[in-house]
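Student: Compact mmCIF, C-alpha atoms and all ligand atoms, saved as final-v7.txt, coming up:
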# COMPACT_ATOMS: atom_id res chain seq x y z
CA MET A 164 -42.15 94.11 12.38
CA ALA A 165 -42.72 93.02 15.98
CA GLU A 166 -43.47 96.63 16.76
CA GLU A 167 -46.02 96.88 13.90
CA MET A 168 -47.77 93.79 15.26
CA GLU A 169 -47.95 95.17 18.82
CA THR A 170 -49.28 98.49 17.52
CA MET A 171 -51.93 96.66 15.49
CA PHE A 172 -53.07 94.63 18.47
CA GLU A 173 -53.23 97.72 20.63
CA LYS A 174 -55.34 99.55 18.04
CA LEU A 175 -57.73 96.60 17.84
CA SER A 176 -58.02 96.36 21.63
CA LYS A 177 -58.82 100.07 21.88
CA ALA A 178 -61.47 100.01 19.13
CA GLU A 179 -64.42 100.02 21.47
CA ASP A 180 -67.18 99.96 18.89
CA CYS A 181 -65.55 97.16 16.93
CA LYS A 182 -67.80 94.10 16.72
CA SER A 183 -65.67 92.03 14.36
CA LEU A 184 -65.12 88.32 14.81
CA LEU A 185 -61.39 89.09 14.81
CA LYS A 186 -61.68 91.27 17.89
CA LYS A 187 -63.91 88.71 19.56
CA HIS A 188 -61.51 85.83 18.93
CA LEU A 189 -58.06 87.38 19.18
CA SER A 190 -57.48 87.62 22.92
CA LYS A 191 -54.20 88.91 24.34
CA GLU A 192 -53.31 85.33 25.23
CA VAL A 193 -53.90 84.04 21.70
CA PHE A 194 -52.09 87.05 20.24
CA GLU A 195 -49.01 86.26 22.36
CA THR A 196 -48.86 82.66 21.05
CA LEU A 197 -49.25 83.72 17.41
CA LYS A 198 -47.37 86.98 17.08
CA ASP A 199 -43.97 85.44 16.24
CA LYS A 200 -45.21 82.65 13.98
CA LYS A 201 -44.70 82.52 10.22
CA THR A 202 -45.98 80.28 7.46
CA SER A 203 -43.49 78.57 5.11
CA LEU A 204 -44.22 81.30 2.57
CA GLY A 205 -43.31 83.95 5.15
CA GLY A 206 -46.84 85.12 6.02
CA THR A 207 -47.49 86.58 9.46
CA LEU A 208 -50.44 87.32 11.72
CA ALA A 209 -50.09 90.99 10.70
CA ASP A 210 -50.73 89.98 7.07
CA CYS A 211 -53.95 88.29 8.17
CA ILE A 212 -55.37 91.02 10.40
CA ARG A 213 -54.33 94.25 8.66
CA SER A 214 -57.77 94.79 7.12
CA GLY A 215 -59.64 94.15 10.37
CA VAL A 216 -57.38 96.52 12.27
CA GLU A 217 -57.59 99.30 9.67
CA ASN A 218 -61.36 98.83 9.38
CA PRO A 219 -62.84 98.38 12.85
CA GLU A 220 -66.32 98.18 11.29
CA SER A 221 -65.39 94.86 9.62
CA GLY A 222 -67.79 92.03 10.23
CA VAL A 223 -65.07 89.41 10.12
CA GLY A 224 -61.77 91.31 10.05
CA ILE A 225 -59.37 88.50 9.25
CA TYR A 226 -58.12 86.90 6.03
CA ALA A 227 -55.63 84.04 5.55
CA CYS A 228 -52.25 85.22 4.22
CA ASP A 229 -51.88 81.86 2.45
CA PRO A 230 -53.37 78.35 2.66
CA GLU A 231 -51.06 77.31 5.51
CA ALA A 232 -52.35 80.21 7.66
CA TYR A 233 -55.38 78.07 8.42
CA THR A 234 -53.04 75.73 10.34
CA VAL A 235 -50.41 78.14 11.70
CA PHE A 236 -52.94 80.73 12.91
CA ALA A 237 -55.71 78.23 13.74
CA ASP A 238 -55.97 79.51 17.32
CA THR A 239 -57.66 82.65 16.06
CA LEU A 240 -58.96 81.51 12.66
CA ASP A 241 -60.77 78.40 13.97
CA PRO A 242 -63.07 80.28 16.37
CA VAL A 243 -63.76 82.89 13.67
CA ILE A 244 -64.65 80.11 11.23
CA LYS A 245 -66.92 78.40 13.77
CA ASP A 246 -68.65 81.63 14.64
CA TYR A 247 -69.29 82.66 11.00
CA HIS A 248 -70.34 79.21 9.76
CA LYS A 249 -72.41 78.54 12.89
CA ILE A 250 -70.53 75.47 14.07
CA PRO A 251 -71.22 74.87 17.79
CA ASP A 252 -68.25 75.19 20.19
CA ASN A 253 -68.29 71.54 21.23
CA ILE A 254 -68.19 70.23 17.65
CA PRO A 255 -64.94 70.09 15.69
CA ILE A 256 -64.81 71.81 12.30
CA LYS A 257 -65.25 69.30 9.53
CA HIS A 258 -66.24 69.43 5.93
CA PRO A 259 -67.67 66.68 3.71
CA ALA A 260 -66.10 65.55 0.45
CA CYS A 261 -66.99 67.66 -2.56
CA ASP A 262 -70.43 66.66 -3.87
CA LEU A 263 -71.70 68.76 -6.73
CA GLY A 264 -74.61 66.39 -7.30
CA ASP A 265 -75.56 64.85 -10.60
CA PRO A 266 -76.53 67.79 -12.83
CA GLU A 267 -78.79 65.51 -14.88
CA LYS A 268 -80.87 64.61 -11.82
CA LEU A 269 -81.29 68.05 -10.31
CA LYS A 270 -84.77 68.87 -9.05
CA PHE A 271 -84.63 72.67 -9.11
CA GLU A 272 -87.69 74.25 -10.68
CA ASP A 273 -87.58 77.82 -11.96
CA LEU A 274 -87.79 79.92 -8.77
CA ASP A 275 -89.90 82.56 -10.50
CA PRO A 276 -91.67 81.13 -13.55
CA GLU A 277 -93.79 84.29 -14.02
CA GLY A 278 -90.72 86.53 -13.96
CA LYS A 279 -92.18 88.85 -11.33
CA PHE A 280 -89.56 88.74 -8.60
CA ILE A 281 -86.19 87.44 -9.75
CA VAL A 282 -84.08 89.66 -11.95
CA SER A 283 -81.16 87.25 -12.24
CA THR A 284 -79.53 84.20 -10.71
CA ARG A 285 -75.82 83.61 -10.15
CA VAL A 286 -73.76 80.83 -8.59
CA ARG A 287 -70.04 81.17 -7.97
CA VAL A 288 -67.26 79.21 -6.38
CA GLY A 289 -63.75 80.34 -5.46
CA ARG A 290 -60.60 78.33 -6.08
CA SER A 291 -56.94 78.82 -5.14
CA HIS A 292 -53.96 77.41 -6.97
CA ASP A 293 -51.97 74.92 -4.94
CA ASN A 294 -48.60 76.26 -3.77
CA PHE A 295 -49.31 79.99 -4.07
CA GLY A 296 -49.92 82.54 -1.34
CA PHE A 297 -52.92 84.82 -1.02
CA PRO A 298 -52.97 88.58 -1.82
CA PRO A 299 -51.05 90.00 1.18
CA ILE A 300 -47.90 88.05 0.33
CA LEU A 301 -48.12 87.70 -3.46
CA THR A 302 -45.62 89.34 -5.77
CA LYS A 303 -46.46 90.90 -9.13
CA GLU A 304 -44.64 88.04 -10.86
CA GLN A 305 -46.63 85.40 -8.98
CA ARG A 306 -49.89 87.08 -9.98
CA GLU A 307 -48.74 87.04 -13.59
CA GLU A 308 -47.73 83.40 -13.32
CA MET A 309 -51.13 82.45 -11.92
CA GLU A 310 -52.85 84.44 -14.66
CA ARG A 311 -50.88 82.43 -17.23
CA LYS A 312 -51.74 79.10 -15.61
CA THR A 313 -55.43 79.96 -15.39
CA THR A 314 -55.81 81.30 -18.90
CA GLU A 315 -54.05 78.22 -20.33
CA ALA A 316 -56.62 76.03 -18.57
CA PHE A 317 -59.47 77.80 -20.43
CA ASP A 318 -58.40 75.83 -23.50
CA GLY A 319 -59.93 72.74 -21.88
CA LEU A 320 -63.44 74.18 -21.59
CA PRO A 321 -66.27 72.58 -23.56
CA GLU A 322 -67.78 74.37 -26.56
CA GLU A 323 -70.72 76.08 -24.74
CA LEU A 324 -68.28 77.67 -22.28
CA LYS A 325 -65.63 78.73 -24.76
CA GLY A 326 -64.94 82.44 -24.81
CA SER A 327 -62.16 84.94 -24.43
CA TYR A 328 -59.98 86.42 -21.73
CA HIS A 329 -59.96 90.18 -21.10
CA PRO A 330 -57.15 91.50 -18.91
CA ILE A 331 -58.09 94.59 -16.89
CA GLU A 332 -54.75 96.11 -17.75
CA GLY A 333 -55.39 98.01 -20.96
CA MET A 334 -59.19 97.60 -20.89
CA ASP A 335 -60.82 100.88 -21.92
CA ALA A 336 -62.75 102.73 -19.22
CA ASP A 337 -66.14 102.48 -21.00
CA THR A 338 -65.94 98.71 -21.40
CA GLN A 339 -64.89 98.39 -17.79
CA LYS A 340 -67.78 100.59 -16.63
CA GLN A 341 -70.37 98.74 -18.70
CA LEU A 342 -69.18 95.28 -17.61
CA THR A 343 -69.28 96.42 -13.98
CA GLU A 344 -72.77 97.96 -14.26
CA ASP A 345 -74.01 94.74 -15.86
CA HIS A 346 -72.73 92.86 -12.77
CA PHE A 347 -70.11 90.92 -14.73
CA LEU A 348 -66.85 92.57 -13.74
CA PHE A 349 -65.17 93.34 -10.44
CA ASN A 350 -63.36 96.56 -9.55
CA ASP A 351 -60.89 97.82 -6.96
CA HIS A 352 -63.40 99.63 -4.76
CA ASP A 353 -63.69 97.39 -1.70
CA ARG A 354 -61.76 99.08 1.12
CA PHE A 355 -61.70 95.90 3.20
CA LEU A 356 -60.04 93.98 0.42
CA ARG A 357 -57.74 96.91 -0.35
CA ALA A 358 -56.44 97.00 3.22
CA ALA A 359 -55.84 93.25 3.03
CA GLY A 360 -53.52 93.70 0.04
CA GLY A 361 -56.18 92.59 -2.43
CA TYR A 362 -55.35 95.37 -4.89
CA ASN A 363 -51.54 95.30 -4.65
CA ASP A 364 -50.03 95.88 -8.11
CA TRP A 365 -53.55 96.47 -9.52
CA PRO A 366 -54.43 95.79 -12.33
CA THR A 367 -51.54 93.43 -13.14
CA GLY A 368 -52.57 89.81 -13.39
CA ARG A 369 -56.30 90.55 -13.10
CA GLY A 370 -58.87 89.87 -15.74
CA ILE A 371 -62.14 88.29 -16.73
CA TYR A 372 -62.97 85.41 -19.04
CA PHE A 373 -66.45 85.04 -20.49
CA ASN A 374 -68.30 83.15 -23.18
CA GLU A 375 -70.33 84.85 -25.88
CA GLU A 376 -73.65 84.69 -23.99
CA LYS A 377 -71.90 86.06 -20.88
CA ASN A 378 -73.55 83.38 -18.78
CA PHE A 379 -70.24 81.78 -17.85
CA LEU A 380 -67.41 83.88 -16.42
CA VAL A 381 -64.16 83.47 -14.55
CA TRP A 382 -62.60 86.23 -12.48
CA VAL A 383 -58.83 85.98 -12.38
CA ASN A 384 -56.97 87.26 -9.32
CA GLU A 385 -59.77 89.24 -7.76
CA GLU A 386 -60.17 88.26 -4.08
CA ASP A 387 -59.41 84.63 -4.88
CA HIS A 388 -57.09 83.26 -7.55
CA LEU A 389 -60.19 82.14 -9.45
CA ARG A 390 -63.87 82.83 -9.11
CA ILE A 391 -65.86 80.55 -11.39
CA ILE A 392 -69.26 82.05 -12.13
CA SER A 393 -72.45 81.01 -13.90
CA MET A 394 -75.27 83.54 -14.22
CA GLN A 395 -78.29 84.47 -16.28
CA LYS A 396 -81.46 86.54 -16.21
CA GLY A 397 -84.49 85.05 -14.44
CA GLY A 398 -84.80 82.33 -11.83
CA ASP A 399 -83.73 79.10 -13.53
CA LEU A 400 -81.31 77.98 -10.83
CA GLY A 401 -81.07 74.46 -12.32
CA ALA A 402 -79.64 75.72 -15.60
CA VAL A 403 -77.24 78.11 -13.85
CA TYR A 404 -75.94 75.46 -11.45
CA LYS A 405 -75.59 72.79 -14.11
CA ARG A 406 -73.41 75.10 -16.20
CA LEU A 407 -71.23 75.83 -13.19
CA VAL A 408 -70.73 72.13 -12.44
CA THR A 409 -69.64 71.52 -16.06
CA ALA A 410 -67.10 74.33 -15.77
CA ILE A 411 -65.69 73.20 -12.42
CA LYS A 412 -65.21 69.67 -13.73
CA ALA A 413 -63.43 70.90 -16.86
CA LEU A 414 -61.10 73.27 -14.99
CA GLU A 415 -60.26 70.63 -12.35
CA LYS A 416 -58.79 68.49 -15.07
CA LYS A 417 -56.23 71.17 -15.89
CA LEU A 418 -55.50 72.81 -12.53
CA SER A 419 -54.68 71.67 -9.02
CA PHE A 420 -56.53 73.53 -6.28
CA ALA A 421 -55.71 74.10 -2.59
CA ARG A 422 -57.96 72.00 -0.37
CA ASN A 423 -57.81 70.24 2.96
CA ASP A 424 -60.09 67.63 4.48
CA ARG A 425 -61.05 69.74 7.47
CA LEU A 426 -61.86 72.99 5.70
CA GLY A 427 -62.63 71.96 2.12
CA PHE A 428 -61.41 74.31 -0.61
CA LEU A 429 -59.15 77.00 0.83
CA THR A 430 -59.93 80.63 0.08
CA PHE A 431 -58.49 83.99 1.07
CA CYS A 432 -61.47 84.91 3.25
CA PRO A 433 -62.57 82.42 5.94
CA THR A 434 -66.21 83.13 5.08
CA ASN A 435 -65.76 81.35 1.76
CA LEU A 436 -64.11 78.11 2.94
CA GLY A 437 -65.55 74.68 2.32
CA THR A 438 -67.75 74.64 -0.72
CA THR A 439 -66.83 78.30 -1.46
CA LEU A 440 -70.24 78.39 -3.09
CA ARG A 441 -72.47 81.44 -3.13
CA ALA A 442 -75.75 81.00 -4.97
CA SER A 443 -77.64 84.27 -5.24
CA VAL A 444 -80.68 85.85 -6.77
CA HIS A 445 -81.32 89.51 -7.37
CA VAL A 446 -84.87 89.51 -6.08
CA LYS A 447 -87.54 92.21 -5.80
CA ILE A 448 -88.84 92.05 -2.24
CA PRO A 449 -89.70 95.64 -1.24
CA ASN A 450 -92.44 94.62 1.18
CA LEU A 451 -90.64 91.87 3.01
CA ALA A 452 -87.43 93.88 3.20
CA ALA A 453 -89.33 96.73 4.87
CA GLN A 454 -90.45 94.46 7.72
CA PRO A 455 -88.56 94.92 10.97
CA ASN A 456 -87.90 91.17 11.12
CA PHE A 457 -86.36 90.88 7.63
CA LYS A 458 -82.93 90.00 9.03
CA GLU A 459 -84.45 87.28 11.24
CA VAL A 460 -86.35 85.83 8.28
CA CYS A 461 -83.05 85.58 6.38
CA ASP A 462 -81.33 84.04 9.41
CA THR A 463 -84.06 81.41 9.76
CA TYR A 464 -83.32 80.11 6.28
CA ASN A 465 -79.54 80.63 6.54
CA LEU A 466 -79.71 83.35 3.92
CA GLN A 467 -77.75 86.56 3.62
CA ALA A 468 -79.07 89.76 2.01
CA ARG A 469 -76.70 92.19 0.29
CA GLY A 470 -77.10 95.24 -1.93
CA ILE A 471 -77.14 94.63 -5.66
CA HIS A 472 -73.70 95.99 -6.48
CA GLY A 473 -71.91 93.47 -4.31
CA GLU A 474 -70.98 93.08 -0.71
CA HIS A 475 -71.12 96.27 1.37
CA THR A 476 -73.47 98.01 -1.11
CA GLU A 477 -77.11 99.04 -0.70
CA SER A 478 -80.35 97.76 -2.19
CA VAL A 479 -81.75 99.67 -5.17
CA GLY A 480 -85.54 99.85 -5.59
CA GLY A 481 -86.31 96.99 -3.21
CA VAL A 482 -84.08 94.56 -5.10
CA TYR A 483 -81.75 92.54 -2.88
CA ASP A 484 -78.99 90.05 -3.50
CA VAL A 485 -80.13 87.05 -1.47
CA SER A 486 -77.78 84.06 -1.12
CA ASN A 487 -76.88 81.06 1.02
CA LYS A 488 -74.86 82.13 4.05
CA ARG A 489 -73.30 78.78 4.94
CA ARG A 490 -70.54 77.36 2.78
CA LEU A 491 -68.67 75.12 5.22
CA GLY A 492 -69.81 71.81 6.76
CA LEU A 493 -72.26 70.97 4.00
CA THR A 494 -71.89 69.77 0.42
CA GLU A 495 -72.15 71.96 -2.66
CA LEU A 496 -75.49 70.39 -3.49
CA GLU A 497 -76.75 71.06 0.04
CA ALA A 498 -75.57 74.69 -0.06
CA VAL A 499 -77.35 75.43 -3.32
CA THR A 500 -80.45 73.58 -2.08
CA GLU A 501 -80.46 75.68 1.08
CA MET A 502 -80.59 78.81 -1.06
CA TYR A 503 -83.27 77.29 -3.34
CA ASN A 504 -85.58 76.48 -0.41
CA GLY A 505 -84.93 79.78 1.35
CA VAL A 506 -85.58 81.93 -1.72
CA LYS A 507 -88.80 80.04 -2.42
CA GLU A 508 -89.95 80.92 1.08
CA ILE A 509 -88.88 84.56 0.77
CA ILE A 510 -90.91 84.92 -2.41
CA ARG A 511 -93.89 83.24 -0.74
CA GLN A 512 -93.72 85.76 2.10
CA GLU A 513 -93.34 88.70 -0.31
CA LYS A 514 -96.45 87.54 -2.19
CA GLU A 515 -98.39 87.42 1.07
CA LEU A 516 -97.40 90.99 1.90
CA SER A 517 -98.17 92.52 -1.49
P1 LIG B 1 -69.18 87.51 -4.67
O1 LIG B 1 -68.45 87.44 -3.37
O2 LIG B 1 -70.15 86.43 -4.83
O3 LIG B 1 -68.33 87.68 -5.87
P2 LIG B 1 -70.20 90.26 -4.51
O4 LIG B 1 -71.25 90.57 -3.51
O5 LIG B 1 -68.89 90.95 -4.42
O6 LIG B 1 -70.12 88.72 -4.49
O7 LIG B 1 -70.80 90.48 -5.96
C1 LIG B 1 -70.03 90.37 -7.10
C2 LIG B 1 -70.78 90.87 -8.33
O8 LIG B 1 -71.75 89.91 -8.71
C3 LIG B 1 -71.51 92.17 -8.13
O9 LIG B 1 -71.37 92.95 -9.29
C4 LIG B 1 -72.94 91.75 -7.96
O10 LIG B 1 -73.85 92.72 -8.38
C5 LIG B 1 -73.00 90.54 -8.88
N1 LIG B 1 -74.07 89.60 -8.53
C6 LIG B 1 -74.18 88.83 -7.42
N2 LIG B 1 -75.29 88.10 -7.45
C7 LIG B 1 -75.92 88.39 -8.61
C8 LIG B 1 -77.14 87.95 -9.24
N3 LIG B 1 -77.93 87.05 -8.67
N4 LIG B 1 -77.44 88.49 -10.44
C9 LIG B 1 -76.65 89.41 -11.04
N5 LIG B 1 -75.51 89.84 -10.50
C10 LIG B 1 -75.14 89.35 -9.31
C1 LIG B 2 -65.32 92.14 6.69
O1 LIG B 2 -64.71 91.63 7.62
O2 LIG B 2 -66.39 92.74 6.81
C2 LIG B 2 -64.70 92.04 5.30
N1 LIG B 2 -63.36 91.59 5.42
C3 LIG B 2 -65.52 91.12 4.42
C4 LIG B 2 -65.81 89.80 5.02
C5 LIG B 2 -66.74 88.89 4.19
N2 LIG B 2 -66.60 88.70 2.86
C6 LIG B 2 -65.71 88.61 1.88
O3 LIG B 2 -65.01 89.49 1.50
N3 LIG B 2 -65.63 87.52 1.20
Represent the structure from my file as structure tokens, please.

Tutor:
Amino acid sequence: MAEEMETMFEKLSKAEDCKSLLKKHLSKEVFETLKDKKTSLGGTLADCIRSGVENPESGVGIYACDPEAYTVFADTLDPVIKDYHKIPDNIPIKHPACDLGDPEKLKFEDLDPEGKFIVSTRVRVGRSHDNFGFPPILTKEQREEMERKTTEAFDGLPEELKGSYHPIEGMDADTQKQLTEDHFLFNDHDRFLRAAGGYNDWPTGRGIYFNEEKNFLVWVNEEDHLRIISMQKGGDLGAVYKRLVTAIKALEKKLSFARNDRLGFLTFCPTNLGTTLRASVHVKIPNLAAQPNFKEVCDTYNLQARGIHGEHTESVGGVYDVSNKRRLGLTELEAVTEMYNGVKEIIRQEKELS
């Protein structure tokens, strides 16, 4: 064990091209203070950094082995969190109380009323059950127990969100393929998540819940214990967000989620802490994306661009997944508003270029 940890640290130190936040913020000194620590659930630093060590091309490189890791391994996780969420060094990490806004008073207009740019809009949040670990330290039985808890809570959803649960275990390959191509379902193809233990005992305990319209979905035991998702074609962010808020409020009544005042809702990956909210559009911006300063434009509006088949994939035909980058240190309403304003601007610039 101790030997595995030393070997991992050595590999990370020798990975010269590695630009991950883990490498940047896990000095020898910090490593020495953390290497023998354990969380109450038995999680270690090795459980947190396995993915970043195995994949030196990671952007972040560290996950939390369980909610308590954010306290026990704070000496390395805090600087990673500050760096990713752009919190200045001299300011302590803090997160406001949850504020989803009043869905009846939302001022989001359709981002693309003519339907020329936005293919679809999606907003998701992640949630973790209180008192359970995260993927690296979960057992098969715990995954099954969480699956049971989550699926029981679906009974409390209002009529418009009512649907059915589809476990991945036993799902036929064609259904799985179609749901994935339609951007509804997750798979076990992310090597970063794999190395972090994200696919241990796959597909046990994993599944997807969706309503008939497939505009409300819940992923069970993908990266996080729950991913609550609202999505539809076009650019009506108001409708998408309102549906998500209704779902969160209904599920909160049945389930107790891991949260702390400093970091907000606790998630497996430190990039998702706080609001855990990612509001995205699949948007056609071939001209803007071809500009050498595309990344800077995104940075200016705190946006992130991804390929359209999820993180670490490429754009297809000039369509990008553009979403809010910040999730921590601002409210849910502010995060979704940041994306709304940024995407408006991106579309304005694309129009100018075409
Ligand atoms: P997340 O971390 O939000 O779950 P990923 O980048 O892994 O994000 O994407 C998950 C899935 O959601 C992928 O299949 C992706 O294509 C789909 N997706 C993300 N945003 C949108 C969107 N605006 N419209 C349609 N599908 C989307
Ligand atoms: C990396 O470090 O690049 C991967 N571990 C992914 C980090 C960001 N996103 C995520 O999975 N939620």

Student: Residues at most 12 Å from Val460 of chain A, counting only C-alpha atoms, excluding those fewer than 2 positions away in the same chain, as number ranges by chain?

Tutor: A: 451-458, 462-468, 485, 505-506, 508-510, 512-513

Student: Ligand LIG 1 (chain B): which residues are within 6 Å, counting all atoms listed in the file, as a list in words?

Tutor: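 For ligand LIG 1 (chain B), the residues inside 6 Å are Ser283, Thr284, Arg285, His346, Phe347, Arg441, Ser443, Val444, His445, Ile471, His472, Gly473, Glu474 and Asp484 of chain A.
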
Student: Hey, which of A:Leu269, A:Leu400, A:Leu356, A:Val479 ends up closest to ligand LIG 2 (chain B)? Count only C-alpha atoms and all ligand atoms.

Tutor: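 Distance minimum relative to ligand LIG 2 (chain B) lands on A:Leu356.
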
Student: Neighbours of Asp351 of chain A within 9 Å (all atoms listed in the file; same-chain residues fewer than 3 positions away dropped), as a PyMOL selection string?

Tutor: chain A and resi 354+356-357+361-362+365-366+385

Student: Can you write just those residues out, C-alpha atoms, as an mmCIF file, keeping the file's coordinate frame?

Tutor:
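That gives us out_19.cif:
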data_model
loop_
_atom_site.group_PDB
_atom_site.id
_atom_site.type_symbol
_atom_site.label_atom_id
_atom_site.label_comp_id
_atom_site.auth_asym_id
_atom_site.auth_seq_id
_atom_site.Cartn_x
_atom_site.Cartn_y
_atom_site.Cartn_z
ATOM 1 C CA ARG A 354 -61.760 99.080 1.120
ATOM 2 C CA LEU A 356 -60.040 93.980 0.420
ATOM 3 C CA ARG A 357 -57.740 96.910 -0.350
ATOM 4 C CA GLY A 361 -56.180 92.590 -2.430
ATOM 5 C CA TYR A 362 -55.350 95.370 -4.890
ATOM 6 C CA TRP A 365 -53.550 96.470 -9.520
ATOM 7 C CA PRO A 366 -54.430 95.790 -12.330
ATOM 8 C CA GLU A 385 -59.770 89.240 -7.760
#

Student: Taking all atoms listed in the file into account, which residues have an atom no farther than 7 Å from ligand LIG 2 (chain B)? I'd like them as a PyMOL selection string.

Tutor: chain A and resi 183+214-215+221-225+355-356+432+434-435

Student: Need the shell around Lys174 of chain A: protein/DNA/RNA residues with any atom at most 12 Å away, counting all atoms listed in the file. Skip same-chain ones fewer than 6 positions apart. Format as a list in words?

Tutor: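 With the cut-off at 12 Å, the set is Glu167, Met168, Asp180, Cys181, Lys186, Ile212, Arg213, Gly215, Val216, Glu217, Asn218 and Pro219 of chain A.
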
Student: Between A:Gln341, A:Asn350, A:Thr234, A:Asn504, which is the closest to Thr202 of chain A once you count only C-alpha atoms?

Tutor: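 Going through A:Gln341, A:Asn350, A:Thr234, A:Asn504 one by one, the smallest distance to Thr202 of chain A is for A:Thr234.
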
Student: What does the distance from atom CA of Asp275 of chain A to atom CA of Tyr372 of chain A come to in Å, to one decimal?

Tutor: 28.4 Å

Student: Closest to Glu307 of chain A among A:His388, A:Lys514, A:Lys417, A:Lys405, using all atoms listed in the file?

Tutor: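 Nearest to Glu307 of chain A: A:His388.
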
Student: Would you please work out which residue, of A:Glu495, A:Asp241, A:Asp399, A:Glu477, is nearest to Tyr226 of chain A when using all atoms listed in the file?

Tutor: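 Among the listed residues, A:Asp241 lies closest to Tyr226 of chain A.
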